[in-house]
Number of protein chains: 2
Amino acid sequence: MSATQTNKIEIIKAATSKIKDVDFDNLHFGEVFTDHLFECDFTNGEWQKPVIKPYAPFLLDPSAKVFHYGQAIFEGMKAYKDDNDAIWLFRPDENYHRFNNSATRMAMPEVPEEIFMEGLKQLLQLDEAWIQKGKGNTMYIRPFMIATGTGVIANPSDDYKFMILLSPAKAYYSGEVKVLIAEHFSRAANGGIGAAKAAGNYAAQFYPTNLANKAGFQQVIWTDDATHTKLEEAGTMNVFFRINDTLYTAPTSERILDGVTRKSLIDLAKRENINVEVRPVLVSELVEGAKNGSLKEIFGAGTAAVVNPIIGFSYQDVYYELPKSESSIALELKDKLTNIQHKLAEDTFGWTVKV
Amino acid sequence: MSATQTNKIEIIKAATSKIKDVDFDNLHFGEVFTDHLFECDFTNGEWQKPVIKPYAPFLLDPSAKVFHYGQAIFEGMKAYKDDNDAIWLFRPDENYHRFNNSATRMAMPEVPEEIFMEGLKQLLQLDEAWIQKGKGNTMYIRPFMIATGTGVIANPSDDYKFMILLSPAKAYYSGEVKVLIAEHFSRAANGGIGAAKAAGNYAAQFYPTNLANKAGFQQVIWTDDATHTKLEEAGTMNVFFRINDTLYTAPTSERILDGVTRKSLIDLAKRENINVEVRPVLVSELVEGAKNGSLKEIFGAGTAAVVNPIIGFSYQDVYYELPKSESSIALELKDKLTNIQHKLAEDTFGWTVKV
């Protein structure tokens with residue numbers, strides 16, 4: 001798609017804005033959407049004319065393949081408004097490339113960079129009044145693609161819809177998080193789709209997570225499905241462990257998502273001269289560290305929460321609570337990262353991109 | 001739901017029928033749908049009034065959870081019309097119970113039996129003109145449920161839609177099928193959702209299957225993800241192997257779908273005094289059997305194709321072609337099973353249910 005063509009995103013403006021009905025101080029994550037969305041359809045083997053239009057329900061055939069065979073992928077990103085009303089994205093190229101990696105694994109067409117990036121930028125500009133200033137405020141961005149082709153034979157769709165939604169969000173605080181280490185259930189197979197942000201990966205976690213919730217735990221830390229001895233992800237986030245003064249996190253793989261927050265925290269920790277080791281971490285190390293006091297912190301890392309501290313874990317029916325720490329590397333890194341994202345600290349990495 | 005309530009399925013008839021446009025002799029599987037569909041919504045914690053209405057696209061919010069988190073399940077069933085114009089189902093209770101097992105695993109509400117069965121029967125009766133007589137003709141039935149609740153936070157939906165579609169089908173013939181034994185990719189994790197008819201399981205197979213197609217193979221035989229030494233399923237079907245005069249198939253598990261055709265073929269084989277062993281089958285046994293000539297047949301088993309003979313397989317870049325057999329247990333069992341389904345042979349098992 002040439003630059004000339006992308007200038008041609010059709011824009012259909014909403015007659016009225018819903019913004020006056022929004023209580024920005026009391027937003028629940030992911031429930032409120034802005035006035036417009038971006039949409040581009042793939043049909044007859046090519047991407048069609050993109051459009052920005054009022055957020056509204058749309059029609060799908062009951063036999064659409066997304067309903068029957070789960071061809072659906074997404075990304076999670078955020079935009080931020082600085083004190084000068086400039087809008088910033090955080091490493092959008094990472095999300096863009098991961099989106100297309102997910103597309104390939106799910107036998108879906110790649111979205112051209114200009115459609116993805118121009119759609120995103122023009123949508124943010126049109127709905128810029130919805131992006132609130134200040135460190136507690138972000139605009140959560142949800143690019144996604146679904147199979148819209150019809151027919152109940154199990155093969156890849158010919159038709160797809162790519163959309164971007166915007167949802168204003170407050171700083172995400174999930175309260176004190178206790179986790180259950182997975183001993184039976186798992187989120188990804190070797191040779192499966194765990195590294196893709198595929199819709200089906202998420203629904204698969206709901207039942208085991210519900211069971212954990214009923215037992216008093218907010219999340220599950222997933223382990224490798226073959227042996228349940230290696231720690232992989234926490235809920236829908238990557239996971240870090242601090243043993244003494246070193247951070248540990250598993251290497252990414254076909255089972256573990258290549259998280260943008262994860263890799264940013266690793267780089268940030270290195271800059272701050274914090275030891276980081278990327279290697280498989282065993283459940284037994286965690287238990288040992290909890291017993292001898294060397295395990296200081298556990299935290300999830302992801303776009304929505306940025307960093308989600310975990311205060312304790314259960315394994316084989318034994319609950320291990322972490323010591324209350326005077327200093328938290330998790331919160332220190334979170335503060336430094338969100339300062340970069342909100343343009344409150346120098347971006348020595350070149351991660352932030354102006355819209 | 002009481003019987004009184006199910007009598008209250010609202011029926012909105014289509015103004016005109018599309019049946020006159022259908023070439024029943026040249027149907028492609030899963031592309032043509034009848035005039036009506038059955039629909040029942042789950043909201044406010046309960047199933048709402050069911051309705052049969054004209055087949056048509058419907059509206060969904062862009063943030064519907066089926067698009068983002070893949071909460072979606074389905075079943076595949078068939079109906080048959082006998083020479084006296086009576087309509088028959090084949091073991092519908094099996095599909096009903098499996099549907100609700102899938103629902104539980106995907107954190108979705110169970111569908112009450114009366115909604116599922118009464119909806120199915122009344123829909124078949126209303127569109128009975130679409131069910132063609134004769135052994136080559138069936139009505140493929142697609143019950144499915146999707147998460148319709150809105151919001152891009154990754155948790156189970158509050159709202160769901162259950163639907164049944166009908167698609168007339170000819171006998172399914174897929175030509176000569178050669179398969180690739182999976183050495184890297186896999187379809188299910190231990191502790192995963194492989195036993196559920198969850199939408200996401202199917203899209204996950206498209207990419208590896210496309211790669212196999214490009215290499216000249218029509219399907220993949222999936223192996224266990226941890227070691228790739230055990231044979232699990234063929235494409236979207238269960239799989240049987242005949243070594244000398246014994247049939248082998250893997251036991252069902254949380255990785256392997258409990259197929260209705262699979263279990264019916266096992267019972268039918270036993271009735272016919274054919275040896276059947278249900279136990280893990282190793283890739284090495286298959287290779288050994290191909291080398292020494294004891295491997296006589298491989299076939300997939302599922303609702304759409306009933307039995308799908310496989311003529312050869314590739315493993316570690318070596319292609320093994322099966323001997324052309326004078327007698328095929330696969331085709332013998334298929335014939336006996338379809339005769340029962342079409343009411344052309346006595347149903348000694350009590351599998352067929354009159355609508």
# chains A, B, ... in the order shown; residues from 1 in each chain; ligands from 1
$ closest_atom_pairs --of "chain B" --to "chain A" --cutoff "8 Å" --atoms "only C-alpha atoms" --output "JSON lines"
{"residue": "B:Phe29", "atom": "CA", "partner": "A:Ile153", "partner_atom": "CA", "distance": 6.5}
{"residue": "B:Gly30", "atom": "CA", "partner": "A:Val152", "partner_atom": "CA", "distance": 4.7}
{"residue": "B:Glu31", "atom": "CA", "partner": "A:Gly151", "partner_atom": "CA", "distance": 4.7}
{"residue": "B:Val32", "atom": "CA", "partner": "A:Gly151", "partner_atom": "CA", "distance": 7.7}
{"residue": "B:Tyr55", "atom": "CA", "partner": "A:Pro62", "partner_atom": "CA", "distance": 8.0}
{"residue": "B:Ala56", "atom": "CA", "partner": "A:Asp61", "partner_atom": "CA", "distance": 6.6}
{"residue": "B:Pro57", "atom": "CA", "partner": "A:Asp61", "partner_atom": "CA", "distance": 4.1}
{"residue": "B:Phe58", "atom": "CA", "partner": "A:Leu59", "partner_atom": "CA", "distance": 5.1}
{"residue": "B:Leu59", "atom": "CA", "partner": "A:Leu59", "partner_atom": "CA", "distance": 4.4}
{"residue": "B:Leu60", "atom": "CA", "partner": "A:Pro57", "partner_atom": "CA", "distance": 5.0}
{"residue": "B:Asp61", "atom": "CA", "partner": "A:Pro57", "partner_atom": "CA", "distance": 4.2}
{"residue": "B:Pro62", "atom": "CA", "partner": "A:Pro57", "partner_atom": "CA", "distance": 6.0}
{"residue": "B:Val66", "atom": "CA", "partner": "A:Phe67", "partner_atom": "CA", "distance": 7.0}
{"residue": "B:Phe67", "atom": "CA", "partner": "A:Ala72", "partner_atom": "CA", "distance": 6.2}
{"residue": "B:His68", "atom": "CA", "partner": "A:Ala199", "partner_atom": "CA", "distance": 5.1}
{"residue": "B:Tyr69", "atom": "CA", "partner": "A:Ala199", "partner_atom": "CA", "distance": 4.1}
{"residue": "B:Gly70", "atom": "CA", "partner": "A:Gly200", "partner_atom": "CA", "distance": 4.3}
{"residue": "B:Gln71", "atom": "CA", "partner": "A:Ala203", "partner_atom": "CA", "distance": 5.1}
{"residue": "B:Ala72", "atom": "CA", "partner": "A:Phe67", "partner_atom": "CA", "distance": 6.2}
{"residue": "B:Ile73", "atom": "CA", "partner": "A:His68", "partner_atom": "CA", "distance": 7.0}
{"residue": "B:Phe74", "atom": "CA", "partner": "A:His68", "partner_atom": "CA", "distance": 6.6}
{"residue": "B:Thr104", "atom": "CA", "partner": "A:Tyr207", "partner_atom": "CA", "distance": 7.4}
{"residue": "B:Arg105", "atom": "CA", "partner": "A:Tyr207", "partner_atom": "CA", "distance": 5.8}
{"residue": "B:Met106", "atom": "CA", "partner": "A:Ala204", "partner_atom": "CA", "distance": 6.0}
{"residue": "B:Ala107", "atom": "CA", "partner": "A:Tyr207", "partner_atom": "CA", "distance": 5.0}
{"residue": "B:Arg142", "atom": "CA", "partner": "A:Val152", "partner_atom": "CA", "distance": 7.9}
{"residue": "B:Phe144", "atom": "CA", "partner": "A:His68", "partner_atom": "CA", "distance": 7.4}
{"residue": "B:Ile146", "atom": "CA", "partner": "A:Phe67", "partner_atom": "CA", "distance": 6.5}
{"residue": "B:Thr150", "atom": "CA", "partner": "A:Glu31", "partner_atom": "CA", "distance": 7.3}
{"residue": "B:Gly151", "atom": "CA", "partner": "A:Glu31", "partner_atom": "CA", "distance": 4.7}
{"residue": "B:Val152", "atom": "CA", "partner": "A:Gly30", "partner_atom": "CA", "distance": 4.7}
{"residue": "B:Ile153", "atom": "CA", "partner": "A:Gly30", "partner_atom": "CA", "distance": 5.3}
{"residue": "B:Ala154", "atom": "CA", "partner": "A:Tyr202", "partner_atom": "CA", "distance": 6.9}
{"residue": "B:Asn155", "atom": "CA", "partner": "A:Phe206", "partner_atom": "CA", "distance": 6.5}
{"residue": "B:Pro156", "atom": "CA", "partner": "A:Phe206", "partner_atom": "CA", "distance": 6.3}
{"residue": "B:Leu165", "atom": "CA", "partner": "A:Pro62", "partner_atom": "CA", "distance": 7.9}
{"residue": "B:His184", "atom": "CA", "partner": "A:Gly191", "partner_atom": "CA", "distance": 5.4}
{"residue": "B:Phe185", "atom": "CA", "partner": "A:Gly191", "partner_atom": "CA", "distance": 3.8}
{"residue": "B:Ser186", "atom": "CA", "partner": "A:Gly191", "partner_atom": "CA", "distance": 5.0}
{"residue": "B:Arg187", "atom": "CA", "partner": "A:Gly192", "partner_atom": "CA", "distance": 6.2}
{"residue": "B:Ala188", "atom": "CA", "partner": "A:Ala189", "partner_atom": "CA", "distance": 5.9}
{"residue": "B:Ala189", "atom": "CA", "partner": "A:Ala189", "partner_atom": "CA", "distance": 4.2}
{"residue": "B:Asn190", "atom": "CA", "partner": "A:Asp225", "partner_atom": "CA", "distance": 5.3}
{"residue": "B:Gly191", "atom": "CA", "partner": "A:Phe185", "partner_atom": "CA", "distance": 3.8}
{"residue": "B:Gly192", "atom": "CA", "partner": "A:Ser186", "partner_atom": "CA", "distance": 5.5}
{"residue": "B:Ile193", "atom": "CA", "partner": "A:Ala204", "partner_atom": "CA", "distance": 6.4}
{"residue": "B:Ala198", "atom": "CA", "partner": "A:Tyr69", "partner_atom": "CA", "distance": 7.7}
{"residue": "B:Ala199", "atom": "CA", "partner": "A:Tyr69", "partner_atom": "CA", "distance": 4.1}
{"residue": "B:Gly200", "atom": "CA", "partner": "A:Gly200", "partner_atom": "CA", "distance": 4.3}
{"residue": "B:Asn201", "atom": "CA", "partner": "A:Tyr69", "partner_atom": "CA", "distance": 7.3}
{"residue": "B:Tyr202", "atom": "CA", "partner": "A:Tyr69", "partner_atom": "CA", "distance": 5.1}
{"residue": "B:Ala203", "atom": "CA", "partner": "A:Gln71", "partner_atom": "CA", "distance": 5.1}
{"residue": "B:Ala204", "atom": "CA", "partner": "A:Met106", "partner_atom": "CA", "distance": 6.0}
{"residue": "B:Gln205", "atom": "CA", "partner": "A:Met106", "partner_atom": "CA", "distance": 8.0}
{"residue": "B:Phe206", "atom": "CA", "partner": "A:Ala107", "partner_atom": "CA", "distance": 5.9}
{"residue": "B:Tyr207", "atom": "CA", "partner": "A:Ala107", "partner_atom": "CA", "distance": 5.0}
{"residue": "B:Asn210", "atom": "CA", "partner": "A:Ala107", "partner_atom": "CA", "distance": 7.9}
{"residue": "B:Asp225", "atom": "CA", "partner": "A:Asn190", "partner_atom": "CA", "distance": 5.3}
{"residue": "B:Ala226", "atom": "CA", "partner": "A:Ala226", "partner_atom": "CA", "distance": 5.5}
$ closest_atom_pairs --of "region 66-146 of chain B" --to "region 7-18 of chain B" --cutoff "12 Å" --atoms "only C-alpha atoms" --output "Markdown table"
| residue | atom | partner | partner_atom | distance |
| --- | --- | --- | --- | --- |
| B:Glu114 | CA | B:Asn7 | CA | 9.8 |
| B:Ile115 | CA | B:Ile9 | CA | 8.8 |
| B:Phe116 | CA | B:Ile9 | CA | 11.5 |
| B:Met117 | CA | B:Ile9 | CA | 11.8 |
| B:Glu118 | CA | B:Asn7 | CA | 8.3 |
| B:Gly119 | CA | B:Ile9 | CA | 7.6 |
| B:Leu120 | CA | B:Ile9 | CA | 11.1 |
| B:Lys121 | CA | B:Ile9 | CA | 11.3 |
| B:Gln122 | CA | B:Ile9 | CA | 8.6 |
| B:Leu123 | CA | B:Ile11 | CA | 9.2 |
| B:Gln125 | CA | B:Ile11 | CA | 11.8 |
| B:Leu126 | CA | B:Lys13 | CA | 8.8 |
| B:Asp127 | CA | B:Ser17 | CA | 9.5 |
| B:Ala129 | CA | B:Ser17 | CA | 10.2 |
| B:Trp130 | CA | B:Lys18 | CA | 9.9 |
$ write_last_selection --atoms "N, CA and C atoms" --output "PDB file, in the first residue's frame"
ATOM      1  N   GLU B 114     -33.271 -29.684  27.021  1.00  0.00           N
ATOM      2  CA  GLU B 114     -34.487 -29.403  26.256  1.00  0.00           C
ATOM      3  C   GLU B 114     -34.282 -28.318  25.221  1.00  0.00           C
ATOM      4  N   ILE B 115     -33.445 -27.345  25.547  1.00  0.00           N
ATOM      5  CA  ILE B 115     -33.170 -26.299  24.553  1.00  0.00           C
ATOM      6  C   ILE B 115     -32.422 -26.897  23.371  1.00  0.00           C
ATOM      7  N   PHE B 116     -31.396 -27.678  23.689  1.00  0.00           N
ATOM      8  CA  PHE B 116     -30.568 -28.290  22.634  1.00  0.00           C
ATOM      9  C   PHE B 116     -31.413 -29.236  21.774  1.00  0.00           C
ATOM     10  N   MET B 117     -32.108 -30.164  22.400  1.00  0.00           N
ATOM     11  CA  MET B 117     -32.802 -31.219  21.656  1.00  0.00           C
ATOM     12  C   MET B 117     -34.085 -30.720  20.985  1.00  0.00           C
ATOM     13  N   GLU B 118     -34.859 -29.927  21.716  1.00  0.00           N
ATOM     14  CA  GLU B 118     -36.103 -29.417  21.119  1.00  0.00           C
ATOM     15  C   GLU B 118     -35.791 -28.429  19.998  1.00  0.00           C
ATOM     16  N   GLY B 119     -34.777 -27.610  20.208  1.00  0.00           N
ATOM     17  CA  GLY B 119     -34.372 -26.675  19.163  1.00  0.00           C
ATOM     18  C   GLY B 119     -33.959 -27.421  17.912  1.00  0.00           C
ATOM     19  N   LEU B 120     -33.141 -28.444  18.108  1.00  0.00           N
ATOM     20  CA  LEU B 120     -32.663 -29.257  16.993  1.00  0.00           C
ATOM     21  C   LEU B 120     -33.812 -29.940  16.252  1.00  0.00           C
ATOM     22  N   LYS B 121     -34.704 -30.552  17.003  1.00  0.00           N
ATOM     23  CA  LYS B 121     -35.790 -31.299  16.367  1.00  0.00           C
ATOM     24  C   LYS B 121     -36.771 -30.383  15.635  1.00  0.00           C
ATOM     25  N   GLN B 122     -37.130 -29.289  16.279  1.00  0.00           N
ATOM     26  CA  GLN B 122     -38.098 -28.398  15.626  1.00  0.00           C
ATOM     27  C   GLN B 122     -37.489 -27.720  14.402  1.00  0.00           C
ATOM     28  N   LEU B 123     -36.187 -27.444  14.452  1.00  0.00           N
ATOM     29  CA  LEU B 123     -35.512 -26.861  13.295  1.00  0.00           C
ATOM     30  C   LEU B 123     -35.483 -27.859  12.132  1.00  0.00           C
ATOM     31  N   GLN B 125     -37.541 -30.290  11.643  1.00  0.00           N
ATOM     32  CA  GLN B 125     -38.909 -30.464  11.126  1.00  0.00           C
ATOM     33  C   GLN B 125     -39.307 -29.312  10.219  1.00  0.00           C
ATOM     34  N   LEU B 126     -38.941 -28.104  10.625  1.00  0.00           N
ATOM     35  CA  LEU B 126     -39.322 -26.944   9.821  1.00  0.00           C
ATOM     36  C   LEU B 126     -38.626 -26.960   8.457  1.00  0.00           C
ATOM     37  N   ASP B 127     -37.348 -27.374   8.446  1.00  0.00           N
ATOM     38  CA  ASP B 127     -36.583 -27.387   7.194  1.00  0.00           C
ATOM     39  C   ASP B 127     -36.457 -28.802   6.619  1.00  0.00           C
ATOM     40  N   ALA B 129     -37.765 -30.322   4.209  1.00  0.00           N
ATOM     41  CA  ALA B 129     -37.683 -30.459   2.748  1.00  0.00           C
ATOM     42  C   ALA B 129     -36.230 -30.450   2.267  1.00  0.00           C
ATOM     43  N   TRP B 130     -35.347 -29.882   3.096  1.00  0.00           N
ATOM     44  CA  TRP B 130     -33.924 -29.794   2.743  1.00  0.00           C
ATOM     45  C   TRP B 130     -33.170 -31.106   2.984  1.00  0.00           C
TER      46      TRP B 130
END
$ select_by_dssp --residues "region 46-83 of chain A" --states "alpha helix (DSSP H)" --output "PyMOL selection string"
chain A and resi 65-69
$ write_last_selection --atoms "N, CA, C and O atoms" --output "PDB file, in the first residue's frame"
ATOM      1  N   LYS A  65     -16.034 -17.987  10.121  1.00  0.00           N
ATOM      2  CA  LYS A  65     -15.054 -18.950  10.658  1.00  0.00           C
ATOM      3  C   LYS A  65     -14.514 -18.571  12.032  1.00  0.00           C
ATOM      4  O   LYS A  65     -14.079 -19.434  12.785  1.00  0.00           O
ATOM      5  N   VAL A  66     -14.553 -17.292  12.365  1.00  0.00           N
ATOM      6  CA  VAL A  66     -14.102 -16.916  13.714  1.00  0.00           C
ATOM      7  C   VAL A  66     -14.956 -17.590  14.781  1.00  0.00           C
ATOM      8  O   VAL A  66     -14.450 -17.937  15.856  1.00  0.00           O
ATOM      9  N   PHE A  67     -16.220 -17.813  14.518  1.00  0.00           N
ATOM     10  CA  PHE A  67     -17.107 -18.450  15.499  1.00  0.00           C
ATOM     11  C   PHE A  67     -16.821 -19.947  15.646  1.00  0.00           C
ATOM     12  O   PHE A  67     -16.986 -20.515  16.720  1.00  0.00           O
ATOM     13  N   HIS A  68     -16.452 -20.580  14.536  1.00  0.00           N
ATOM     14  CA  HIS A  68     -16.357 -22.044  14.518  1.00  0.00           C
ATOM     15  C   HIS A  68     -14.938 -22.559  14.682  1.00  0.00           C
ATOM     16  O   HIS A  68     -14.720 -23.612  15.276  1.00  0.00           O
ATOM     17  N   TYR A  69     -13.963 -21.807  14.134  1.00  0.00           N
ATOM     18  CA  TYR A  69     -12.593 -22.334  14.127  1.00  0.00           C
ATOM     19  C   TYR A  69     -11.576 -21.418  14.777  1.00  0.00           C
ATOM     20  O   TYR A  69     -10.385 -21.695  14.753  1.00  0.00           O
TER      21      TYR A  69
END
$ select_by_dssp --residues "region 36-214 of chain B" --states "strand (DSSP E)" --output "PyMOL selection string"
chain B and resi 36-43+46-47+51-54+58-60+72-74+77-81+87-90+137-147+160-170+177-181
$ write_last_selection --atoms "C-alpha atoms" --output "compact mmCIF listing (two decimals), in the first residue's frame"
# COMPACT_ATOMS: atom_id res chain seq x y z
CA HIS B 36 -33.80 -21.19 9.22
CA LEU B 37 -31.57 -21.36 12.27
CA PHE B 38 -32.18 -21.93 15.96
CA GLU B 39 -30.99 -19.34 18.46
CA CYS B 40 -31.04 -18.98 22.23
CA ASP B 41 -29.23 -16.28 24.19
CA PHE B 42 -27.77 -16.58 27.69
CA THR B 43 -27.88 -13.32 29.61
CA GLU B 46 -30.06 -17.57 32.45
CA TRP B 47 -31.14 -18.88 29.09
CA VAL B 51 -36.35 -18.78 18.65
CA ILE B 52 -36.24 -20.37 15.22
CA LYS B 53 -35.89 -17.67 12.59
CA PRO B 54 -34.66 -17.03 9.06
CA PHE B 58 -26.49 -10.87 13.11
CA LEU B 59 -24.95 -7.91 14.94
CA LEU B 60 -22.07 -8.22 17.40
CA ALA B 72 -16.41 -20.63 21.29
CA ILE B 73 -17.37 -24.30 21.02
CA PHE B 74 -19.27 -26.43 18.54
CA MET B 77 -23.89 -34.08 13.93
CA LYS B 78 -25.97 -35.44 11.08
CA ALA B 79 -29.61 -36.15 10.33
CA TYR B 80 -30.86 -38.68 7.78
CA LYS B 81 -34.18 -39.20 6.01
CA ILE B 87 -35.96 -38.07 10.00
CA TRP B 88 -33.32 -39.76 12.17
CA LEU B 89 -30.48 -38.56 14.35
CA PHE B 90 -27.42 -40.62 15.25
CA ASN B 137 -27.33 -37.56 1.38
CA THR B 138 -27.22 -36.20 4.89
CA MET B 139 -28.06 -33.05 6.77
CA TYR B 140 -24.98 -31.80 8.59
CA ILE B 141 -25.93 -30.12 11.87
CA ARG B 142 -23.79 -27.46 13.50
CA PRO B 143 -24.72 -26.53 17.09
CA PHE B 144 -22.34 -23.87 18.43
CA MET B 145 -22.00 -21.34 21.24
CA ILE B 146 -20.08 -18.06 21.28
CA ALA B 147 -19.29 -15.45 23.94
CA TYR B 160 -23.52 -16.13 25.23
CA LYS B 161 -25.37 -17.11 22.08
CA PHE B 162 -26.23 -20.74 21.28
CA MET B 163 -27.18 -21.47 17.69
CA ILE B 164 -27.91 -24.44 15.47
CA LEU B 165 -27.27 -24.31 11.71
CA LEU B 166 -28.25 -26.92 9.14
CA SER B 167 -26.19 -27.60 6.03
CA PRO B 168 -27.20 -30.27 3.51
CA ALA B 169 -24.24 -32.48 2.58
CA LYS B 170 -23.32 -35.16 0.09
CA VAL B 177 -5.20 -38.95 1.39
CA LYS B 178 -1.51 -38.96 2.23
CA VAL B 179 -0.50 -37.75 5.67
CA LEU B 180 2.51 -36.24 7.35
CA ILE B 181 3.34 -37.45 10.87
$ residues_around --residues "Tyr315 (chain B)" --least-positions-apart "2" --cutoff "12 Å" --atoms "only C-alpha atoms" --output "list in words"
Lys178, Val179, Leu180, Ile181, Ala182, Glu183, His184, Ala212, Phe217, Val220, Ile221, Trp222, Thr223, His228, Thr229, Leu231, Val283, Ser284, Leu286, Val287, Glu288, Ala290, Gly312, Phe313, Asp317, Val318, Tyr319, Tyr320 and Glu321 of chain B
$ atom_distance --atom1 "CA of Thr34 (chain A)" --atom2 "CA of Arg98 (chain A)"
24.6 Å
$ residues_around --residues "Ala195 (chain B)" --least-positions-apart "4" --cutoff "8 Å" --atoms "only C-alpha atoms" --output "list in words"
Ser102, Thr252, Ser253, Glu254, Arg255, Ile256, Leu257 and Asp258 of chain B
$ atom_distance --atom1 "CA of Asp23 (chain A)" --atom2 "CA of Glu332 (chain A)"
29.7 Å
$ atom_distance --atom1 "CA of Gln132 (chain A)" --atom2 "CA of Asp82 (chain A)"
9.0 Å
$ closest_residue --among "B:Lys49, B:Asp158, B:His342, B:Gly350" --to "Asp85 (chain B)" --atoms "only C-alpha atoms"
B:His342
$ residues_around --residues "region 280-282 of chain B" --least-positions-apart "5" --cutoff "8 Å" --atoms "only C-alpha atoms" --output "list in words"
Thr229, Lys230, Leu231, Tyr248, Thr249, Ala250 and Pro251 of chain B
$ decode --residues "region 32-45 of chain A" --atoms "N, CA and C atoms" --output "PDB file, in the first residue's frame"
ATOM      1  N   VAL A  32     -14.956   0.741  28.337  1.00  0.00           N
ATOM      2  CA  VAL A  32     -15.396   1.954  27.642  1.00  0.00           C
ATOM      3  C   VAL A  32     -14.576   2.114  26.361  1.00  0.00           C
ATOM      4  N   PHE A  33     -15.236   2.420  25.277  1.00  0.00           N
ATOM      5  CA  PHE A  33     -14.540   2.619  24.007  1.00  0.00           C
ATOM      6  C   PHE A  33     -14.813   4.031  23.483  1.00  0.00           C
ATOM      7  N   THR A  34     -13.882   4.508  22.660  1.00  0.00           N
ATOM      8  CA  THR A  34     -13.995   5.882  22.163  1.00  0.00           C
ATOM      9  C   THR A  34     -15.066   5.959  21.068  1.00  0.00           C
ATOM     10  N   ASP A  35     -15.189   7.126  20.465  1.00  0.00           N
ATOM     11  CA  ASP A  35     -16.267   7.343  19.492  1.00  0.00           C
ATOM     12  C   ASP A  35     -16.063   6.591  18.172  1.00  0.00           C
ATOM     13  N   HIS A  36     -14.788   6.292  17.848  1.00  0.00           N
ATOM     14  CA  HIS A  36     -14.512   5.722  16.522  1.00  0.00           C
ATOM     15  C   HIS A  36     -13.689   4.443  16.610  1.00  0.00           C
ATOM     16  N   LEU A  37     -13.700   3.696  15.529  1.00  0.00           N
ATOM     17  CA  LEU A  37     -12.805   2.550  15.384  1.00  0.00           C
ATOM     18  C   LEU A  37     -12.224   2.564  13.979  1.00  0.00           C
ATOM     19  N   PHE A  38     -11.118   1.856  13.817  1.00  0.00           N
ATOM     20  CA  PHE A  38     -10.496   1.695  12.501  1.00  0.00           C
ATOM     21  C   PHE A  38     -10.843   0.299  11.984  1.00  0.00           C
ATOM     22  N   GLU A  39     -11.122   0.221  10.690  1.00  0.00           N
ATOM     23  CA  GLU A  39     -11.498  -1.075  10.104  1.00  0.00           C
ATOM     24  C   GLU A  39     -10.906  -1.217   8.710  1.00  0.00           C
ATOM     25  N   CYS A  40     -10.392  -2.402   8.409  1.00  0.00           N
ATOM     26  CA  CYS A  40      -9.941  -2.697   7.057  1.00  0.00           C
ATOM     27  C   CYS A  40     -10.236  -4.159   6.779  1.00  0.00           C
ATOM     28  N   ASP A  41     -10.912  -4.424   5.678  1.00  0.00           N
ATOM     29  CA  ASP A  41     -11.277  -5.794   5.329  1.00  0.00           C
ATOM     30  C   ASP A  41     -10.307  -6.390   4.318  1.00  0.00           C
ATOM     31  N   PHE A  42     -10.069  -7.691   4.469  1.00  0.00           N
ATOM     32  CA  PHE A  42      -9.261  -8.439   3.513  1.00  0.00           C
ATOM     33  C   PHE A  42     -10.206  -9.353   2.749  1.00  0.00           C
ATOM     34  N   THR A  43     -10.272  -9.158   1.437  1.00  0.00           N
ATOM     35  CA  THR A  43     -11.138 -10.009   0.620  1.00  0.00           C
ATOM     36  C   THR A  43     -10.588 -10.060  -0.795  1.00  0.00           C
ATOM     37  N   ASN A  44     -10.919 -11.121  -1.532  1.00  0.00           N
ATOM     38  CA  ASN A  44     -10.356 -11.342  -2.863  1.00  0.00           C
ATOM     39  C   ASN A  44      -8.832 -11.255  -2.861  1.00  0.00           C
ATOM     40  N   GLY A  45      -8.221 -11.731  -1.786  1.00  0.00           N
ATOM     41  CA  GLY A  45      -6.772 -11.807  -1.730  1.00  0.00           C
ATOM     42  C   GLY A  45      -6.056 -10.509  -1.460  1.00  0.00           C
TER      43      GLY A  45
END
